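Engineer: The following file, data-v4.txt, comprises compact mmCIF, C-alpha atoms:
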```txt
# COMPACT_ATOMS: atom_id res chain seq x y z
CA MET A 1 38.02 -7.20 14.92
CA ALA A 2 34.30 -7.68 15.41
CA ASP A 3 32.60 -5.21 13.11
CA ALA A 4 29.76 -7.13 11.48
CA VAL A 5 26.94 -4.99 12.84
CA ARG A 6 28.54 -1.75 11.64
CA SER A 7 29.44 -3.15 8.24
CA LEU A 8 26.00 -4.64 7.61
CA ALA A 9 24.30 -1.46 8.81
CA ALA A 10 26.31 0.71 6.45
CA PHE A 11 25.26 -1.52 3.57
CA ALA A 12 21.59 -1.68 4.58
CA ALA A 13 21.28 2.07 5.04
CA GLY A 14 23.29 3.30 2.08
CA ALA A 15 23.75 0.68 -0.63
CA HIS A 16 22.79 1.59 -4.18
CA VAL A 17 20.61 -1.28 -5.40
CA PRO A 18 21.20 -1.99 -9.10
CA PRO A 19 18.05 -2.12 -11.27
CA PRO A 20 18.51 -5.81 -12.26
CA ALA A 21 18.52 -6.76 -8.57
CA ALA A 22 15.34 -4.76 -8.00
CA ASP A 23 13.77 -6.54 -10.97
CA VAL A 24 14.44 -9.93 -9.36
CA ALA A 25 12.92 -8.61 -6.14
CA ALA A 26 9.83 -7.46 -8.04
CA ARG A 27 9.23 -11.01 -9.29
CA ALA A 28 9.70 -12.28 -5.75
CA PHE A 29 7.10 -9.81 -4.50
CA LEU A 30 4.62 -10.97 -7.13
CA ASP A 31 5.12 -14.63 -6.24
CA THR A 32 5.07 -14.03 -2.49
CA ILE A 33 1.95 -11.89 -2.42
CA GLY A 34 0.20 -14.64 -4.36
CA VAL A 35 1.14 -17.39 -1.90
CA THR A 36 0.32 -15.06 1.01
CA LEU A 37 -3.21 -14.62 -0.31
CA ALA A 38 -3.61 -18.39 -0.64
CA GLY A 39 -2.11 -18.97 2.80
CA ALA A 40 -4.42 -16.43 4.42
CA GLY A 41 -7.19 -19.01 4.29
CA GLU A 42 -5.10 -21.84 5.74
CA PRO A 43 -5.50 -22.89 9.41
CA ALA A 44 -2.14 -21.39 10.42
CA GLY A 45 -2.97 -18.11 8.69
CA ARG A 46 -6.42 -17.93 10.27
CA ALA A 47 -5.09 -18.71 13.76
CA VAL A 48 -2.61 -15.83 13.64
CA GLN A 49 -5.22 -13.48 12.17
CA ALA A 50 -7.56 -14.33 15.06
CA VAL A 51 -4.89 -13.45 17.61
CA ALA A 52 -4.07 -10.23 15.75
CA ARG A 53 -7.73 -9.21 15.78
CA ALA A 54 -8.00 -10.01 19.51
CA GLU A 55 -4.80 -8.11 20.29
CA GLY A 56 -5.99 -5.08 18.35
CA GLY A 57 -3.50 -2.33 17.68
CA GLU A 58 -3.73 0.81 15.59
CA PRO A 59 -5.20 -0.31 12.22
CA ARG A 60 -2.46 1.00 9.96
CA CYS A 61 -1.41 -2.12 8.04
CA THR A 62 -3.21 -4.74 5.97
CA MET A 63 -3.56 -8.43 6.72
CA LEU A 64 -3.64 -9.64 3.11
CA GLY A 65 -6.66 -11.62 2.03
CA THR A 66 -8.78 -10.34 4.92
CA PRO A 67 -10.90 -7.23 5.52
CA CYS A 68 -8.80 -6.42 8.61
CA ARG A 69 -6.07 -3.90 9.38
CA THR A 70 -3.90 -3.95 12.47
CA SER A 71 -0.56 -2.74 13.81
CA ALA A 72 2.59 -3.05 11.71
CA ALA A 73 4.07 -5.81 13.88
CA LEU A 74 0.88 -7.88 13.93
CA ALA A 75 0.32 -7.42 10.19
CA ALA A 76 3.88 -8.59 9.54
CA LEU A 77 3.27 -11.59 11.80
CA ALA A 78 0.04 -12.51 10.01
CA ASN A 79 1.32 -11.96 6.47
CA GLY A 80 4.63 -13.72 7.06
CA THR A 81 2.82 -16.75 8.49
CA ALA A 82 0.34 -16.82 5.62
CA ALA A 83 3.17 -16.55 3.07
CA HIS A 84 4.77 -19.73 4.41
CA ALA A 85 1.58 -21.62 5.33
CA LEU A 86 1.51 -23.70 2.14
CA ASP A 87 5.30 -24.07 1.85
CA TYR A 88 4.83 -22.66 -1.64
CA ASP A 89 7.09 -19.63 -1.12
CA ASP A 90 10.54 -19.27 -2.63
CA MET A 91 13.93 -20.53 -1.44
CA CYS A 92 17.57 -19.47 -1.35
CA PHE A 93 20.16 -22.24 -1.20
CA VAL A 94 22.88 -19.92 0.17
CA SER A 95 20.96 -18.82 3.25
CA LEU A 96 19.06 -22.17 3.32
CA ALA A 97 16.01 -20.04 4.02
CA HIS A 98 12.71 -19.06 2.50
CA PRO A 99 13.77 -15.43 2.08
CA SER A 100 10.71 -13.75 0.67
CA ALA A 101 8.05 -14.65 3.23
CA PRO A 102 9.64 -12.60 6.04
CA LEU A 103 11.15 -9.97 3.74
CA VAL A 104 7.95 -9.17 1.85
CA ALA A 105 5.81 -9.21 4.99
CA ALA A 106 8.20 -6.83 6.77
CA ALA A 107 8.53 -4.60 3.71
CA LEU A 108 4.76 -4.29 3.29
CA ALA A 109 4.20 -3.41 6.95
CA ALA A 110 7.03 -0.88 7.00
CA GLY A 111 5.91 0.49 3.65
CA GLU A 112 2.35 1.02 4.82
CA LEU A 113 3.61 2.81 7.92
CA ALA A 114 5.80 5.12 5.85
CA GLY A 115 3.59 5.47 2.77
CA ALA A 116 6.62 4.28 0.83
CA SER A 117 6.86 3.58 -2.88
CA ALA A 118 7.13 0.07 -4.27
CA ARG A 119 10.66 0.92 -5.43
CA ARG A 120 11.63 1.69 -1.83
CA LEU A 121 10.28 -1.70 -0.76
CA LEU A 122 12.26 -3.44 -3.47
CA GLU A 123 15.45 -1.76 -2.23
CA GLY A 124 14.67 -2.93 1.28
CA TYR A 125 14.06 -6.46 0.06
CA VAL A 126 17.39 -6.63 -1.79
CA THR A 127 19.43 -5.32 1.14
CA GLY A 128 17.77 -7.80 3.49
CA PHE A 129 18.30 -10.65 1.03
CA GLU A 130 21.99 -9.86 0.63
CA ILE A 131 22.57 -9.68 4.38
CA GLU A 132 20.86 -13.05 4.87
CA ALA A 133 23.14 -14.54 2.22
CA VAL A 134 26.27 -13.19 3.93
CA LEU A 135 25.11 -14.66 7.23
CA GLY A 136 24.21 -17.93 5.51
CA ARG A 137 27.74 -18.30 4.15
CA ALA A 138 29.15 -17.87 7.66
CA LEU A 139 26.64 -20.02 9.54
CA ASN A 140 25.67 -22.87 7.22
CA PRO A 141 25.52 -25.77 6.85
CA ARG A 142 26.38 -26.42 10.52
CA HIS A 143 23.77 -23.94 11.79
CA TYR A 144 21.04 -25.63 9.76
CA GLN A 145 22.21 -29.15 10.59
CA ARG A 146 22.12 -28.38 14.30
CA GLY A 147 18.38 -27.74 14.09
CA TRP A 148 18.04 -24.01 13.46
CA HIS A 149 15.43 -22.95 10.90
CA CYS A 150 17.16 -20.30 8.80
CA THR A 151 13.89 -18.80 7.56
CA SER A 152 13.40 -17.62 11.13
CA THR A 153 16.95 -17.06 12.36
CA LEU A 154 18.51 -15.40 9.32
CA GLY A 155 15.09 -14.18 8.27
CA THR A 156 14.84 -12.06 11.40
CA ILE A 157 18.08 -10.24 10.56
CA GLY A 158 17.10 -9.83 6.92
CA ALA A 159 13.65 -8.55 7.80
CA ALA A 160 15.17 -6.06 10.24
CA ALA A 161 17.52 -4.71 7.57
CA CYS A 162 14.64 -4.50 5.11
CA ALA A 163 12.38 -2.67 7.56
CA ALA A 164 15.17 -0.27 8.51
CA ARG A 165 15.73 0.62 4.85
CA VAL A 166 12.03 1.10 4.09
CA LEU A 167 11.49 3.22 7.21
CA GLY A 168 14.51 5.36 6.35
CA LEU A 169 16.62 4.64 9.44
CA ASP A 170 20.09 6.15 9.38
CA GLU A 171 23.24 4.08 9.76
CA GLU A 172 23.39 4.42 13.54
CA GLN A 173 19.75 3.41 13.97
CA THR A 174 20.18 0.54 11.52
CA ALA A 175 23.14 -0.80 13.49
CA ARG A 176 21.02 -0.86 16.64
CA CYS A 177 18.20 -2.47 14.67
CA LEU A 178 20.40 -5.34 13.48
CA ALA A 179 21.88 -5.87 16.94
CA ILE A 180 18.39 -6.03 18.46
CA ALA A 181 17.33 -8.48 15.77
CA ALA A 182 20.28 -10.75 16.58
CA SER A 183 18.75 -11.30 20.02
CA GLU A 184 15.31 -11.99 18.52
CA ALA A 185 16.50 -14.67 16.09
CA SER A 186 15.17 -18.17 16.75
CA GLY A 187 13.25 -21.04 15.16
CA LEU A 188 13.64 -24.83 15.45
CA LYS A 189 13.44 -27.40 12.65
CA GLU A 190 11.83 -29.83 15.10
CA ASN A 191 8.60 -27.94 14.42
CA PHE A 192 8.62 -28.81 10.70
CA GLY A 193 5.35 -30.39 9.67
CA THR A 194 3.32 -28.30 12.12
CA MET A 195 1.73 -24.85 11.97
CA THR A 196 4.68 -23.47 13.91
CA LYS A 197 6.91 -23.79 10.84
CA PRO A 198 5.00 -21.09 8.92
CA LEU A 199 4.75 -19.14 12.15
CA HIS A 200 8.56 -18.91 12.02
CA ALA A 201 8.32 -16.74 8.91
CA GLY A 202 5.73 -14.54 10.59
CA LEU A 203 7.85 -14.19 13.69
CA ALA A 204 10.87 -13.22 11.59
CA ALA A 205 8.85 -10.49 9.85
CA ARG A 206 7.40 -9.24 13.12
CA ASN A 207 10.83 -9.31 14.77
CA GLY A 208 12.24 -7.24 11.94
CA ILE A 209 9.55 -4.58 12.26
CA LEU A 210 9.86 -4.55 16.04
CA ALA A 211 13.66 -4.23 15.92
CA ALA A 212 13.47 -1.33 13.47
CA ARG A 213 10.87 0.55 15.48
CA LEU A 214 12.69 -0.03 18.77
CA ALA A 215 15.93 1.21 17.24
CA GLN A 216 14.05 4.23 15.91
CA ALA A 217 12.84 4.87 19.46
CA GLY A 218 16.40 4.82 20.81
CA LEU A 219 16.72 1.29 22.26
CA THR A 220 20.39 0.32 22.54
CA ALA A 221 22.14 -2.95 21.72
CA SER A 222 25.67 -4.29 21.46
CA GLU A 223 27.69 -3.76 18.29
CA LEU A 224 29.16 -7.21 18.97
CA ALA A 225 25.76 -8.92 18.77
CA ILE A 226 26.60 -10.77 15.56
CA ASP A 227 30.33 -11.56 15.60
CA GLY A 228 31.30 -10.95 19.20
CA PRO A 229 32.59 -13.74 21.51
CA GLN A 230 29.01 -14.43 22.63
CA GLY A 231 27.30 -13.18 19.49
CA LEU A 232 25.00 -14.84 17.00
CA LEU A 233 27.69 -16.61 14.95
CA VAL A 234 29.10 -18.35 18.03
CA ALA A 235 25.85 -18.98 19.89
CA MET A 236 24.05 -20.39 16.85
CA ALA A 237 26.69 -22.92 15.87
CA GLY A 238 28.12 -21.12 12.86
CA GLU A 239 30.72 -22.62 10.57
CA ARG A 240 32.68 -19.38 11.08
CA THR A 241 32.93 -16.83 13.88
CA ASP A 242 33.27 -13.94 11.43
CA LEU A 243 31.58 -13.00 8.17
CA GLY A 244 34.74 -13.37 6.14
CA GLU A 245 35.15 -12.31 2.54
CA ALA A 246 31.40 -12.22 1.87
CA GLN A 247 31.15 -9.20 4.16
CA GLU A 248 33.76 -7.37 2.10
CA GLN A 249 31.87 -8.12 -1.12
CA LEU A 250 28.60 -6.52 0.02
CA GLY A 251 27.56 -3.93 -2.52
CA ARG A 252 30.09 -5.17 -5.09
CA ARG A 253 28.81 -8.71 -5.60
CA TRP A 254 25.04 -9.30 -5.61
CA GLU A 255 23.94 -12.74 -4.44
CA ILE A 256 20.42 -12.16 -5.73
CA LEU A 257 21.83 -11.91 -9.25
CA GLU A 258 24.58 -14.54 -9.07
CA THR A 259 22.86 -17.43 -7.29
CA GLY A 260 19.32 -16.09 -7.45
CA ILE A 261 16.01 -17.08 -5.94
CA THR A 262 14.36 -20.46 -6.36
CA VAL A 263 10.65 -20.21 -7.14
CA LYS A 264 8.58 -23.16 -6.02
CA LEU A 265 6.31 -24.83 -8.54
CA TYR A 266 5.23 -27.46 -6.01
CA PRO A 267 3.77 -26.52 -2.57
CA SER A 268 6.04 -28.83 -0.60
CA CYS A 269 9.46 -28.78 1.01
CA ALA A 270 12.19 -27.84 -1.46
CA GLY A 271 13.96 -31.09 -0.63
CA THR A 272 11.24 -32.97 -2.51
CA HIS A 273 11.41 -30.90 -5.71
CA PRO A 274 14.35 -32.50 -7.57
CA ALA A 275 12.83 -35.94 -7.00
CA LEU A 276 9.34 -34.76 -7.98
CA ASP A 277 10.64 -33.34 -11.24
CA ALA A 278 12.39 -36.63 -11.99
CA LEU A 279 9.36 -38.76 -11.13
CA LEU A 280 6.98 -36.67 -13.20
CA ASP A 281 9.42 -36.71 -16.13
CA LEU A 282 9.78 -40.50 -15.92
CA ARG A 283 6.02 -40.96 -15.72
CA ARG A 284 5.50 -38.84 -18.85
CA GLN A 285 8.38 -40.35 -20.81
CA HIS A 286 7.64 -44.01 -20.12
CA ARG A 287 3.84 -43.77 -19.75
CA PHE A 288 3.50 -46.09 -16.78
CA ASP A 289 0.69 -46.01 -14.24
CA ALA A 290 1.13 -45.89 -10.48
CA ASP A 291 -0.38 -49.38 -10.19
CA GLU A 292 2.54 -50.71 -12.26
CA VAL A 293 5.12 -49.41 -9.75
CA ALA A 294 6.76 -51.99 -7.50
CA GLY A 295 9.16 -49.61 -5.77
CA VAL A 296 10.79 -46.19 -5.82
CA GLU A 297 14.29 -45.45 -4.54
CA VAL A 298 15.38 -41.86 -4.01
CA ALA A 299 19.03 -41.07 -3.30
CA VAL A 300 19.60 -37.67 -1.69
CA ASP A 301 22.31 -35.61 0.03
CA ALA A 302 22.99 -35.83 3.76
CA ILE A 303 20.91 -32.79 4.73
CA THR A 304 17.67 -33.80 2.99
CA PRO A 305 16.70 -36.47 5.58
CA THR A 306 17.00 -33.86 8.36
CA VAL A 307 14.19 -31.96 6.64
CA LEU A 308 12.00 -34.71 5.19
CA ILE A 309 11.32 -36.26 8.55
CA TYR A 310 7.95 -37.98 8.02
CA ASP A 311 7.82 -41.44 6.47
CA ARG A 312 4.14 -41.90 7.28
CA PRO A 313 2.58 -38.45 7.55
CA GLU A 314 -0.56 -37.98 9.59
CA SER A 315 -1.50 -34.53 8.28
CA GLY A 316 -1.20 -32.51 5.10
CA LEU A 317 1.49 -30.38 6.71
CA GLN A 318 3.53 -33.47 7.54
CA GLY A 319 2.96 -34.66 3.98
CA LYS A 320 4.90 -31.65 2.69
CA PHE A 321 7.95 -33.03 4.54
CA SER A 322 7.51 -36.64 3.43
CA MET A 323 9.31 -38.08 0.43
CA PRO A 324 7.07 -41.19 0.41
CA PHE A 325 3.89 -39.12 0.34
CA CYS A 326 5.07 -36.57 -2.23
CA ALA A 327 6.51 -39.25 -4.51
CA ALA A 328 3.38 -41.38 -4.28
CA ALA A 329 1.16 -38.39 -5.06
CA ALA A 330 3.26 -37.47 -8.09
CA LEU A 331 2.98 -41.01 -9.46
CA VAL A 332 -0.72 -41.43 -8.71
CA ASP A 333 -1.91 -38.01 -9.86
CA GLY A 334 0.75 -36.93 -12.33
CA ARG A 335 0.97 -33.59 -10.54
CA VAL A 336 1.54 -32.03 -7.11
CA GLY A 337 -0.61 -29.02 -6.21
CA ILE A 338 -2.22 -27.30 -3.26
CA ASP A 339 -5.02 -29.86 -3.13
CA THR A 340 -2.49 -32.71 -2.94
CA PHE A 341 -2.09 -31.98 0.77
CA ALA A 342 -5.78 -31.80 1.67
CA PRO A 343 -6.57 -34.09 4.64
CA ALA A 344 -8.66 -36.48 2.54
CA ARG A 345 -5.71 -37.25 0.27
CA LEU A 346 -3.82 -38.88 3.13
CA ARG A 347 -6.48 -41.59 3.20
CA ASP A 348 -6.41 -42.29 -0.55
CA PRO A 349 -5.95 -46.08 -0.90
CA ARG A 350 -3.61 -45.73 -3.89
CA LEU A 351 -1.33 -43.41 -1.96
CA GLN A 352 -1.47 -45.65 1.09
CA ARG A 353 -0.41 -48.61 -1.05
CA LEU A 354 2.44 -46.83 -2.75
CA MET A 355 3.99 -44.93 0.17
CA PRO A 356 5.64 -47.99 1.79
CA ALA A 357 7.25 -48.77 -1.58
CA VAL A 358 9.14 -45.43 -1.56
CA THR A 359 12.52 -45.46 0.15
CA MET A 360 15.00 -42.62 0.64
CA HIS A 361 18.71 -43.01 1.38
CA VAL A 362 21.81 -40.83 1.47
CA ASP A 363 24.30 -41.00 -1.38
CA PRO A 364 27.58 -39.45 -0.14
CA ALA A 365 28.40 -38.26 -3.66
CA LEU A 366 25.36 -35.98 -3.72
CA GLY A 367 25.74 -32.50 -2.31
CA ARG A 368 29.53 -32.43 -2.63
CA ASP A 369 29.56 -29.92 -5.47
CA ALA A 370 26.04 -28.54 -5.20
CA PRO A 371 23.93 -26.78 -2.58
CA PRO A 372 21.99 -28.96 -0.13
CA LEU A 373 18.50 -30.15 -1.15
CA THR A 374 19.17 -29.70 -4.87
CA GLN A 375 20.17 -33.18 -6.12
CA ALA A 376 18.53 -36.58 -6.29
CA ILE A 377 18.83 -39.89 -8.12
CA VAL A 378 15.44 -41.50 -8.66
CA THR A 379 14.90 -45.14 -9.59
CA VAL A 380 11.41 -46.43 -10.40
CA ARG A 381 11.08 -50.22 -10.51
CA LEU A 382 8.03 -51.61 -12.28
CA ARG A 383 6.27 -54.89 -11.59
CA ASP A 384 7.29 -56.27 -15.00
CA GLY A 385 10.98 -55.98 -14.04
CA ARG A 386 11.81 -52.77 -15.89
CA ALA A 387 13.66 -49.99 -14.05
CA HIS A 388 13.83 -46.32 -14.99
CA VAL A 389 16.49 -44.00 -13.53
CA GLN A 390 16.80 -40.22 -13.65
CA ILE A 391 19.37 -37.88 -12.08
CA ALA A 392 18.05 -34.51 -10.95
CA ASN A 393 20.22 -31.44 -10.52
CA GLY A 394 17.88 -28.74 -9.31
CA ALA A 395 14.28 -28.51 -10.41
CA ARG A 396 11.92 -26.35 -12.42
CA GLY A 397 11.78 -22.87 -10.94
CA TYR A 398 15.44 -22.91 -9.88
CA PRO A 399 17.66 -20.09 -11.18
CA ALA A 400 19.14 -22.34 -13.86
CA ARG A 401 15.62 -23.25 -15.03
CA PRO A 402 13.61 -20.18 -14.05
CA ALA A 403 9.85 -20.04 -14.01
CA SER A 404 8.45 -18.21 -17.02
CA ARG A 405 6.24 -15.15 -16.74
CA GLU A 406 3.31 -17.34 -17.74
CA GLU A 407 4.09 -19.83 -14.96
CA LEU A 408 4.46 -17.05 -12.38
CA ASP A 409 1.25 -15.35 -13.47
CA GLY A 410 -0.63 -18.64 -13.50
CA LYS A 411 0.60 -19.51 -10.03
CA PHE A 412 -0.29 -16.03 -8.73
CA LEU A 413 -3.83 -16.15 -10.07
CA ALA A 414 -4.44 -19.70 -8.86
CA CYS A 415 -3.30 -18.64 -5.38
CA ALA A 416 -4.95 -15.21 -5.24
CA GLU A 417 -8.30 -16.45 -6.50
CA ARG A 418 -8.60 -18.69 -3.45
CA VAL A 419 -9.59 -15.54 -1.53
CA LEU A 420 -10.08 -12.73 -4.08
CA THR A 421 -12.46 -12.36 -6.98
CA PRO A 422 -10.86 -13.01 -10.38
CA GLU A 423 -11.20 -9.29 -11.17
CA ALA A 424 -9.42 -8.26 -7.96
CA ALA A 425 -6.71 -10.87 -8.49
CA ARG A 426 -6.01 -9.62 -12.01
CA ALA A 427 -5.97 -6.01 -10.84
CA ALA A 428 -3.39 -6.84 -8.19
CA LEU A 429 -1.33 -8.79 -10.72
CA GLY A 430 -1.32 -5.84 -13.10
CA ARG A 431 -0.11 -3.50 -10.36
CA LEU A 432 2.64 -5.95 -9.39
CA HIS A 433 3.88 -5.98 -12.97
CA THR A 434 4.40 -2.21 -12.87
CA PRO A 435 6.06 -1.49 -9.51
CA ASP A 436 7.57 1.81 -10.67
CA ALA A 437 4.03 3.15 -11.04
CA VAL A 438 3.23 2.43 -7.38
CA ASP A 439 4.16 5.62 -5.52
CA ASP A 440 2.42 4.52 -2.31
CA ILE A 441 2.34 0.81 -1.48
CA ARG A 442 -1.03 1.25 0.19
CA THR A 443 -2.64 1.48 -3.25
CA LEU A 444 -1.43 -2.07 -3.87
CA THR A 445 -2.27 -3.54 -0.48
CA ALA A 446 -5.80 -2.14 -0.83
CA LEU A 447 -6.28 -4.47 -3.81
CA THR A 448 -5.37 -7.49 -1.69
CA ALA A 449 -7.87 -6.82 1.10
CA LEU A 450 -11.32 -8.34 1.19
CA THR A 451 -14.36 -6.08 1.30
CA ALA A 452 -17.52 -6.74 3.26
CA THR A 453 -19.05 -8.29 0.13
CA THR A 454 -16.15 -10.66 -0.55
CA ALA A 455 -15.21 -11.61 3.01
```
Once you've parsed the file, please lay out its structure as structure tokens.
Structural biologist:
Amino acid sequence: MADAVRSLAAFAAGAHVPPPAADVAARAFLDTIGVTLAGAGEPAGRAVQAVARAEGGEPRCTMLGTPCRTSAALAALANGTAAHALDYDDMCFVSLAHPSAPLVAAALAAGELAGASARRLLEGYVTGFEIEAVLGRALNPRHYQRGWHCTSTLGTIGAAACAARVLGLDEEQTARCLAIAASEASGLKENFGTMTKPLHAGLAARNGILAARLAQAGLTASELAIDGPQGLLVAMAGERTDLGEAQEQLGRRWEILETGITVKLYPSCAGTHPALDALLDLRRQHRFDADEVAGVEVAVDAITPTVLIYDRPESGLQGKFSMPFCAAAALVDGRVGIDTFAPARLRDPRLQRLMPAVTMHVDPALGRDAPPLTQAIVTVRLRDGRAHVQIANGARGYPARPASREELDGKFLACAERVLTPEAARAALGRLHTPDAVDDIRTLTALTALTATTA
């Protein structure tokens, strides 16, 4: 019997979130607010901010990294887009989504509306994350392979659950909220490598806020919207037409603790990270220079080529979805950072020489016993005839090799200081380290806004 909406709503509205799960969410908030601040200055972030300013709206919620406030829906749109603008935000290999960009943006907007505590936002984040994971187990990998961008599709449902929890919707309202969100869900992978990809995260956050507020206002929707005969699981090419055992485990098994969140230490598509780790390790271990490289072969799973779709990127955004570009940059520079994808880097003669020497192919053995995008076999052939091979299972920042507090703090400050003063960035970081002391989230968001003197 179709009962997904009711079951998910009961969980979102009433689940007791265990403290360890909230602790993981707190680290995700810290990381995501950092990349949002950095992304606020990117072209995609600025474009959405300009539209938000033109559209107006009651100035109740903060657009991070700007001096502007706007409506909850527009703030969620702007912050979600900024969070994903650099492709530096975290990943979940169960939902095959970037969970935190939409979830944090929706939580902040809902929290500012309600004057909610940071702890309330963390509860909302965890419930949204868990619901995305349940949906991911039912939909993927077929949903993702067919061209749907899970950050936007599943992210819309997760953001709706998160917003409902933060705003204090009851179970009936939350059920309507999730059913409304099911009709809002969209997002196409064909737009990878353009500014529309980060917009997907913003749309998911906005959709979540909008669904929650419409449900609060009494808008109705079908309880069959997720697992009915014409519901989301069928319409969006799911592997299953029901949520299965994962639905029954909600509240007893916590995905955020068992499989965790993958923090990005490179601002590029997650599909590049295992190979980048291997290349950088080989470069350090064997002390060769990029000019010594004759060729690079990267074996990957079957899904990776559907994401890394640019062999010869023509923009920094396309470069984030290009194995040849990312591999060449790692070998030339010995690092991959935000500045790697600046427009001028695409014209670097050393990168231009090396990119055609990088090839990517599918190895059917990869991905059989591991999540998509997490494995690679890298072979570097040198001009003197030597060859170096490394197998990558995951990458730095993955749950099995988590980022340290020092790495997270360093990443946050490097991102935040792109728009904030060092003093403001450190003040925000200190507040993020003590979420239980934040009784009203607006005291935190105030630290992330530019003043007239810093704008």
Engineer: For stretch 247-255 of chain A, list every protein, DNA or RNA residue within 8 Å, evaluated using all atoms listed in the file, and leave out those in the same chain fewer than 6 positions away; present the list as number ranges by chain.
Structural biologist: A: 4, 7-8, 11, 15-17, 21, 130, 133-134
Engineer: Please dump the current selection as a compact mmCIF listing (two decimals), keeping the file's coordinate frame; keep C-alpha atoms.
Structural biologist:
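Saved the output as again07.txt:
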```txt
# COMPACT_ATOMS: atom_id res chain seq x y z
CA ALA A 4 29.76 -7.13 11.48
CA SER A 7 29.44 -3.15 8.24
CA LEU A 8 26.00 -4.64 7.61
CA PHE A 11 25.26 -1.52 3.57
CA ALA A 15 23.75 0.68 -0.63
CA HIS A 16 22.79 1.59 -4.18
CA VAL A 17 20.61 -1.28 -5.40
CA ALA A 21 18.52 -6.76 -8.57
CA GLU A 130 21.99 -9.86 0.63
CA ALA A 133 23.14 -14.54 2.22
CA VAL A 134 26.27 -13.19 3.93
```
Engineer: Using only C-alpha atoms, find the one residue out of A:Thr196, A:Thr448, A:Thr70, A:Thr156 that sits nearest to A:Ile33.
Structural biologist: A:Thr448
Engineer: Please return, as a PDB file with C-alpha atoms, keeping the file's coordinate frame, all polymer residues that have at least one atom within 9 Å of the point (20.6, -9.9, -9.2); use all atoms listed in the file and the file's own coordinate frame.
Structural biologist:
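Saved the output as out.pdb:
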```
ATOM      1  CA  PRO A  18      21.200  -1.990  -9.100  1.00  0.00           C
ATOM      2  CA  PRO A  19      18.050  -2.120 -11.270  1.00  0.00           C
ATOM      3  CA  PRO A  20      18.510  -5.810 -12.260  1.00  0.00           C
ATOM      4  CA  ALA A  21      18.520  -6.760  -8.570  1.00  0.00           C
ATOM      5  CA  ALA A  22      15.340  -4.760  -8.000  1.00  0.00           C
ATOM      6  CA  ASP A  23      13.770  -6.540 -10.970  1.00  0.00           C
ATOM      7  CA  VAL A  24      14.440  -9.930  -9.360  1.00  0.00           C
ATOM      8  CA  ALA A  25      12.920  -8.610  -6.140  1.00  0.00           C
ATOM      9  CA  VAL A 126      17.390  -6.630  -1.790  1.00  0.00           C
ATOM     10  CA  TRP A 254      25.040  -9.300  -5.610  1.00  0.00           C
ATOM     11  CA  GLU A 255      23.940 -12.740  -4.440  1.00  0.00           C
ATOM     12  CA  ILE A 256      20.420 -12.160  -5.730  1.00  0.00           C
ATOM     13  CA  LEU A 257      21.830 -11.910  -9.250  1.00  0.00           C
ATOM     14  CA  GLU A 258      24.580 -14.540  -9.070  1.00  0.00           C
ATOM     15  CA  THR A 259      22.860 -17.430  -7.290  1.00  0.00           C
ATOM     16  CA  GLY A 260      19.320 -16.090  -7.450  1.00  0.00           C
TER      17      GLY A 260
END
```
Engineer: Measuring atom to atom with all atoms listed in the file, identify which of A:Gly57, A:Pro102, A:Gly430, A:Gly319 is nearest to A:Thr32.
Structural biologist: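 Smallest distance to A:Thr32 is found for A:Pro102.
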Engineer: Using only C-alpha atoms, which residue out of A:Leu37, A:Ala76, A:Met63, A:Met91 lies closest to A:Val104?
Structural biologist: A:Ala76
Engineer: Have a look at A:Glu172, A:Asp436, A:Glu58, A:Asp90 and name the one nearest to A:Val5; count all atoms listed in the file.
Structural biologist: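 Counting all atoms listed in the file, the residue closest to A:Val5 is A:Glu172.
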Engineer: One decimal, in Å: what's the spacing between atom CA of A:Thr272 and atom CA of A:His84?
Structural biologist: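 Straight-line distance from atom CA of A:Thr272 to atom CA of A:His84 works out to 16.3 Å.
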Engineer: Report, in Å to a single decimal, how far apart atom CA of A:Thr241 and atom CA of A:Asp227 are.
Structural biologist: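 Result for atom CA of A:Asp227 versus atom CA of A:Thr241: 6.1 Å, one decimal.
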Engineer: What lies within 10 Å of A:Gln352 using only C-alpha atoms, ignoring chain neighbours under 2 positions off, as a ChimeraX atom specification?
Structural biologist: /A:312,324-325,328-329,345-350,354-357
Engineer: Around the point (-4.3, -33.4, 0.8) (coordinates from the file), which residues reach within 12 Å if we count only C-alpha atoms? Answer as a PyMOL selection string.
Structural biologist: chain A and resi 86+267-268+313-320+325-326+329+333+336-348+351
Engineer: Considering all atoms listed in the file, can you say which of A:Ile303, A:Ala400, A:Cys61, A:Met360 comes closest to A:Leu373?
Structural biologist: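 The shortest atom-to-atom distance to A:Leu373 comes from A:Ile303.
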Engineer: Could you list, as a ChimeraX atom specification, every residue within 9 Å of A:Lys197, counting all atoms listed in the file and ignoring same-chain residues fewer than 6 positions away?
Structural biologist: /A:81,84-85,149,152,187-191
Engineer: Neighbouring residues of stretch 202-204 of chain A were defined as those with any atom within 10 Å, considering all atoms listed in the file; residues of the same chain fewer than 2 positions away were excluded. Please report them as a ChimeraX atom specification.
Structural biologist: /A:45,48,73-85,101-103,105-106,150-160,181,184-187,196-200,206-210
Engineer: Could you build a table of the residues in stretch 174-275 of chain A lying no more than 12 Å from stretch 408-418 of chain A, giving for each the nearest pair of atoms and their separation in Å rounded to one decimal place, using all atoms listed in the file, ordered by chain and ascending residue number, as a Markdown table?
Structural biologist:
```
| residue | atom | partner | partner_atom | distance |
| --- | --- | --- | --- | --- |
| A:Val263 | CA | A:Leu408 | CA | 8.7 |
| A:Lys264 | CA | A:Lys411 | CA | 9.6 |
| A:Leu265 | CA | A:Lys411 | CA | 7.9 |
| A:Tyr266 | CA | A:Lys411 | CA | 10.0 |
| A:Pro267 | CA | A:Lys411 | CA | 10.7 |
```
